[in-house]
Amino acid sequence: MTTLVVCLDRTDDVGRKTGLRSPVVGWEAVRALVTDVGLADPEDSGVNTLLESLRVAQNLRDENEEVVVAVVSGDHESMVSADRAVAAQLDDLIADHDPDSAVVVTDSAEDERLIPIVESRVRVDSVDRVVVRQARDIESTYYLLKQFLADEELRQTVLVPIGLTMLVFPLLATTVGPAEGAAAITTVIGLFLLYKGFNIDELLARFSHQTRESLYSGQVSVVTYVVAAGLTFVGLFMGVLGVSNLGETPGVVLPATRFAFDSIPWLAMAALTASAGRLLDEVIGDDPVRQSFLNLPFIVVAVGLVIRGFSAYFLEQQGEIEPFVVSAYEFGIFSNERFVIVAGERLALFVVSALVVSLVGAQIASSLSESHDGDRTDGGADATTDAEGSTLSDRADPELTDGGANTTADPDRDR
């Protein structure tokens with residue numbers, strides 16, 4: 001049974017201080033590495049980690065086990081590159097020594113994040129974390145504070161709000177009063193926490209990046225998104241204007257219904273414009289158009305019809321809008337008399353229209369997707385059939401086979 005005693009160093013402290021490249025394998029090599037690291041930085045806890053690796057290997061050898069001790073390091077460029085470097089070194093160690101199990105030795109929680117990488121390649125029997133005995137609590141607190149102060153993002157997230165609070169609160173307390181100052185600061189802190197909690201900064205950064213790429217690539221959706229934003233503002237304005245015309249009404253149900261009734265046509269047009277621009281980008285691009293993009297415009301129209309129908313039903317029941325009247329007209333042999341569509345009939349008409357639109361959209365999207373997949377599959381099948389057909393015909397033709405064999409044979413044999 002072969003056991004791999006591996007010392008993990010995710011940030012490559014050993015390599016930066018000694019100039020050696022990992023992995024370092026073998027008892028003598030690791031023992032020499034202890035001296036090099038100790039001379040470079042006697043206060044480094046990595047010295048204790050290396051010594052602990054040698055101690056564990058010695059104990060296992062005393063139990064008549066075959067032991068391979070090694071030091072595996074990442075790099076300090078990024079965490080992803082460090083983890084990949086460790087994974088590559090572990091693959092080499094396992095390929096060279098074929099261990100049955102492993103004992104992992106670390107000195108920090110940062111190095112323990114590499115344990116899943118080790119476990120994915122070999123069975124881990126034990127994890128040994130080395131903590132310096134003297135002043136353990138003080139040392140842990142010191143390094144936590146040091147790491148905290150070294151992280152720029154944490155400093156900006158925690159120290160800057162605390163500093164601004166300590167500066168602004170005395171000014172607000174002397175001008176508007178302590179209670180108002182505390183309320184204002186609490187509101188700002190709450191907004192900041194929500195801003196960070198919902199990752200709004202990342203969303204804004206991603207949105208700006210996508211917008212910049214869209215502008216540089218000349219996508220049609222950039223223009224349609226701007227038009228959709230304008231239609232959205234118009235819809236919101238029309239909704240607010242409709243609510244203001246209601247006057248004083250108790251509750252919020254009727255104003256909300258009026259807002260939906262007046263704004264939903266504009267909001268539906270905004271969503272339809274944005275989805276049409278995205279669909280045009282997909283059509284212009286090289287990749288096949290996904291079925292979801294084909295179906296989205298129909299879904300937008302269907303949802304708009306449903307919301308418009310229900311809001312019109314409730315408003316007509318409250319007497320806010322008049323029933324829909326179809327005027328009499330005559331066109332050739334076709335003619336009709338004037339009739340009125342009441343609230344229930346209007347709602348049914350909108351719901352049925354929405355269902356028809358959604359079904360038509362699903363059918364069109366499905367048929368277009370199937371036709372595209374069929375063309376691609378047929379092309380592949382023809383190519384495969386031609387290739388296989390030519391191969392099988394070559395194999396089945398005895399004259400070609402014999403001719404090939406005679407051609408390759410010695411031409412002087414018959415002589």
# chains A, B, ... in the order shown; residues from 1 in each chain; ligands from 1

$ residues_around --residues "region 247-255 of chain A" --least-positions-apart "4" --cutoff "8 Å" --atoms "only C-alpha atoms" --output "list of chain:residue names"
A:Val243, A:Phe259, A:Leu315

$ select_by_dssp --residues "region 58-300 of chain A" --states "strand (DSSP E)" --output "list in words"
Glu66, Val67, Val68, Val69, Ala70, Val71, Val72, Ser73, Ser101, Ala102, Val103, Val104, Val105, Thr106, Val124, Asp125, Ser126, Val127, Asp128 and Arg129 of chain A

$ write_last_selection --atoms "C-alpha atoms" --output "mmCIF file, in the first residue's frame"
data_model
loop_
_atom_site.group_PDB
_atom_site.id
_atom_site.type_symbol
_atom_site.label_atom_id
_atom_site.label_comp_id
_atom_site.auth_asym_id
_atom_site.auth_seq_id
_atom_site.Cartn_x
_atom_site.Cartn_y
_atom_site.Cartn_z
ATOM 1 C CA GLU A 66 5.345 2.734 1.568
ATOM 2 C CA VAL A 67 5.232 6.519 1.711
ATOM 3 C CA VAL A 68 5.795 9.249 -0.860
ATOM 4 C CA VAL A 69 6.078 12.762 0.598
ATOM 5 C CA ALA A 70 5.602 15.725 -1.732
ATOM 6 C CA VAL A 71 4.983 19.466 -1.728
ATOM 7 C CA VAL A 72 2.482 20.788 -4.278
ATOM 8 C CA SER A 73 2.159 24.516 -4.947
ATOM 9 C CA SER A 101 -4.516 6.876 -0.527
ATOM 10 C CA ALA A 102 -3.353 10.316 0.540
ATOM 11 C CA VAL A 103 -2.787 12.322 3.712
ATOM 12 C CA VAL A 104 -3.180 16.082 3.216
ATOM 13 C CA VAL A 105 -1.196 18.551 5.332
ATOM 14 C CA THR A 106 -2.200 22.248 5.331
ATOM 15 C CA VAL A 124 -7.995 11.053 1.191
ATOM 16 C CA ASP A 125 -7.641 9.226 4.517
ATOM 17 C CA SER A 126 -6.699 12.167 6.717
ATOM 18 C CA VAL A 127 -6.392 15.969 6.731
ATOM 19 C CA ASP A 128 -3.779 17.432 9.081
ATOM 20 C CA ARG A 129 -3.971 21.192 9.645
#

$ residues_around --residues "region 321-334 of chain A" --least-positions-apart "4" --cutoff "12 Å" --atoms "only C-alpha atoms" --output "MDAnalysis selection string"
chainID A and resid 242 246 257:258 261:262 309 311:317 338:347 349

$ residues_around --residues "region 350-354 of chain A" --least-positions-apart "5" --cutoff "9 Å" --atoms "only C-alpha atoms" --output "list in words"
Phe298, Ile299, Val301, Ala302, Val303, Gly304, Leu305, Val306, Ile307, Arg308, Gly309, Phe310, Glu345 and Leu359 of chain A

$ select_by_dssp --residues "region 70-249 of chain A" --states "helix (DSSP H, G or I)" --output "PyMOL selection string"
chain A and resi 79-97+109-112+115-119+136-150+152-175+178-197+200-217+221-244

$ atom_distance --atom1 "CA of Asp98 (chain A)" --atom2 "CA of Val5 (chain A)"
12.7 Å

$ closest_residue --among "A:Gly177, A:Ile189, A:Ser358, A:Glu110" --to "Pro161 (chain A)" --atoms "only C-alpha atoms"
A:Ile189

$ residues_around --residues "Ser22 (chain A)" --least-positions-apart "5" --cutoff "12 Å" --atoms "only C-alpha atoms" --output "PyMOL selection string"
chain A and resi 6-16+29-30+33+70-75+82+85-86+88-90+92-93

$ atom_distance --atom1 "CA of Ala184 (chain A)" --atom2 "CA of Gly163 (chain A)"
15.5 Å

$ closest_residue --among "A:Asn59, A:Thr232, A:Thr174, A:Ser120" --to "Ala87 (chain A)" --atoms "only C-alpha atoms"
A:Ser120

$ closest_residue --among "A:Ser78, A:Thr224, A:Gln363, A:Thr157" --to "Tyr195 (chain A)" --atoms "only C-alpha atoms"
A:Thr157

$ decode --residues "region 46-82 of chain A" --atoms "N, CA, C and O atoms" --output "compact mmCIF listing (two decimals), in the first residue's frame"
# COMPACT_ATOMS: atom_id res chain seq x y z
N GLY A 46 4.86 27.96 7.00
CA GLY A 46 5.12 26.88 6.07
C GLY A 46 6.22 25.95 6.52
O GLY A 46 6.24 24.78 6.14
N VAL A 47 7.18 26.47 7.32
CA VAL A 47 8.23 25.61 7.86
C VAL A 47 7.62 24.51 8.73
O VAL A 47 7.99 23.33 8.64
N ASN A 48 6.67 24.89 9.58
CA ASN A 48 6.01 23.90 10.42
C ASN A 48 5.20 22.91 9.60
O ASN A 48 5.11 21.72 9.94
N THR A 49 4.62 23.39 8.52
CA THR A 49 3.84 22.49 7.67
C THR A 49 4.73 21.45 7.00
O THR A 49 4.38 20.27 6.93
N LEU A 50 5.89 21.88 6.53
CA LEU A 50 6.82 20.93 5.92
C LEU A 50 7.33 19.92 6.93
O LEU A 50 7.45 18.72 6.64
N LEU A 51 7.63 20.39 8.13
CA LEU A 51 8.08 19.47 9.17
C LEU A 51 6.99 18.48 9.56
O LEU A 51 7.25 17.31 9.84
N GLU A 52 5.74 18.96 9.60
CA GLU A 52 4.63 18.06 9.90
C GLU A 52 4.47 17.00 8.81
O GLU A 52 4.17 15.83 9.11
N SER A 53 4.71 17.38 7.57
CA SER A 53 4.64 16.39 6.48
C SER A 53 5.70 15.31 6.66
O SER A 53 5.42 14.12 6.49
N LEU A 54 6.91 15.73 7.02
CA LEU A 54 7.97 14.74 7.26
C LEU A 54 7.63 13.85 8.46
O LEU A 54 7.91 12.65 8.46
N ARG A 55 7.04 14.44 9.50
CA ARG A 55 6.70 13.64 10.69
C ARG A 55 5.64 12.60 10.36
O ARG A 55 5.72 11.44 10.77
N VAL A 56 4.61 13.00 9.60
CA VAL A 56 3.56 12.05 9.23
C VAL A 56 4.13 10.94 8.36
O VAL A 56 3.81 9.76 8.54
N ALA A 57 5.01 11.30 7.43
CA ALA A 57 5.62 10.28 6.57
C ALA A 57 6.47 9.32 7.39
O ALA A 57 6.47 8.10 7.15
N GLN A 58 7.21 9.83 8.38
CA GLN A 58 8.04 8.97 9.21
C GLN A 58 7.19 8.00 10.03
O GLN A 58 7.52 6.81 10.17
N ASN A 59 6.07 8.50 10.58
CA ASN A 59 5.20 7.61 11.35
C ASN A 59 4.60 6.51 10.49
O ASN A 59 4.48 5.36 10.93
N LEU A 60 4.24 6.85 9.26
CA LEU A 60 3.69 5.83 8.38
C LEU A 60 4.76 4.81 7.98
O LEU A 60 4.46 3.61 7.84
N ARG A 61 5.99 5.26 7.81
CA ARG A 61 7.07 4.32 7.50
C ARG A 61 7.33 3.39 8.67
O ARG A 61 7.67 2.21 8.48
N ASP A 62 7.20 3.91 9.88
CA ASP A 62 7.37 3.05 11.05
C ASP A 62 6.31 1.96 11.11
O ASP A 62 6.51 0.92 11.75
N GLU A 63 5.19 2.18 10.48
CA GLU A 63 4.12 1.18 10.44
C GLU A 63 4.24 0.29 9.21
O GLU A 63 3.27 -0.37 8.80
N ASN A 64 5.42 0.31 8.57
CA ASN A 64 5.73 -0.54 7.41
C ASN A 64 4.84 -0.22 6.20
O ASN A 64 4.41 -1.11 5.46
N GLU A 65 4.57 1.06 6.00
CA GLU A 65 3.85 1.50 4.81
C GLU A 65 4.82 2.19 3.85
O GLU A 65 5.75 2.86 4.29
N GLU A 66 4.57 2.02 2.57
CA GLU A 66 5.35 2.73 1.57
C GLU A 66 4.80 4.14 1.43
O GLU A 66 3.61 4.33 1.14
N VAL A 67 5.67 5.13 1.63
CA VAL A 67 5.23 6.52 1.71
C VAL A 67 5.98 7.35 0.66
O VAL A 67 7.19 7.17 0.46
N VAL A 68 5.23 8.25 0.04
CA VAL A 68 5.79 9.25 -0.86
C VAL A 68 5.39 10.61 -0.32
O VAL A 68 4.20 10.92 -0.21
N VAL A 69 6.36 11.43 0.08
CA VAL A 69 6.08 12.76 0.60
C VAL A 69 6.37 13.77 -0.50
O VAL A 69 7.38 13.67 -1.21
N ALA A 70 5.47 14.74 -0.65
CA ALA A 70 5.60 15.72 -1.73
C ALA A 70 5.00 17.05 -1.30
O ALA A 70 4.14 17.11 -0.42
N VAL A 71 5.49 18.11 -1.93
CA VAL A 71 4.98 19.47 -1.73
C VAL A 71 4.44 19.94 -3.07
O VAL A 71 5.16 19.95 -4.08
N VAL A 72 3.17 20.35 -3.07
CA VAL A 72 2.48 20.79 -4.28
C VAL A 72 2.08 22.25 -4.08
O VAL A 72 1.48 22.59 -3.07
N SER A 73 2.43 23.07 -5.05
CA SER A 73 2.16 24.52 -4.95
C SER A 73 1.39 24.99 -6.17
O SER A 73 1.52 24.44 -7.26
N GLY A 74 0.61 26.06 -5.95
CA GLY A 74 -0.08 26.72 -7.05
C GLY A 74 0.73 27.90 -7.55
O GLY A 74 1.94 27.82 -7.69
N ASP A 75 0.06 29.00 -7.79
CA ASP A 75 0.76 30.24 -8.13
C ASP A 75 -0.03 31.40 -7.54
O ASP A 75 -1.15 31.23 -7.04
N HIS A 76 0.55 32.58 -7.59
CA HIS A 76 -0.05 33.76 -6.97
C HIS A 76 -0.70 34.69 -7.97
O HIS A 76 -1.04 35.82 -7.64
N GLU A 77 -0.89 34.24 -9.21
CA GLU A 77 -1.52 35.10 -10.20
C GLU A 77 -3.03 35.18 -10.00
O GLU A 77 -3.61 36.25 -9.93
N SER A 78 -3.68 34.05 -9.91
CA SER A 78 -5.12 34.00 -9.66
C SER A 78 -5.45 32.66 -9.03
O SER A 78 -4.68 31.71 -9.11
N MET A 79 -6.62 32.59 -8.39
CA MET A 79 -7.02 31.37 -7.72
C MET A 79 -7.30 30.25 -8.73
O MET A 79 -7.03 29.07 -8.48
N VAL A 80 -7.85 30.61 -9.89
CA VAL A 80 -8.15 29.59 -10.89
C VAL A 80 -6.86 28.96 -11.42
O VAL A 80 -6.73 27.74 -11.52
N SER A 81 -5.90 29.80 -11.76
CA SER A 81 -4.63 29.26 -12.26
C SER A 81 -3.91 28.48 -11.17
O SER A 81 -3.24 27.47 -11.46
N ALA A 82 -4.03 28.90 -9.91
CA ALA A 82 -3.40 28.16 -8.82
C ALA A 82 -4.01 26.78 -8.68
O ALA A 82 -3.29 25.77 -8.54
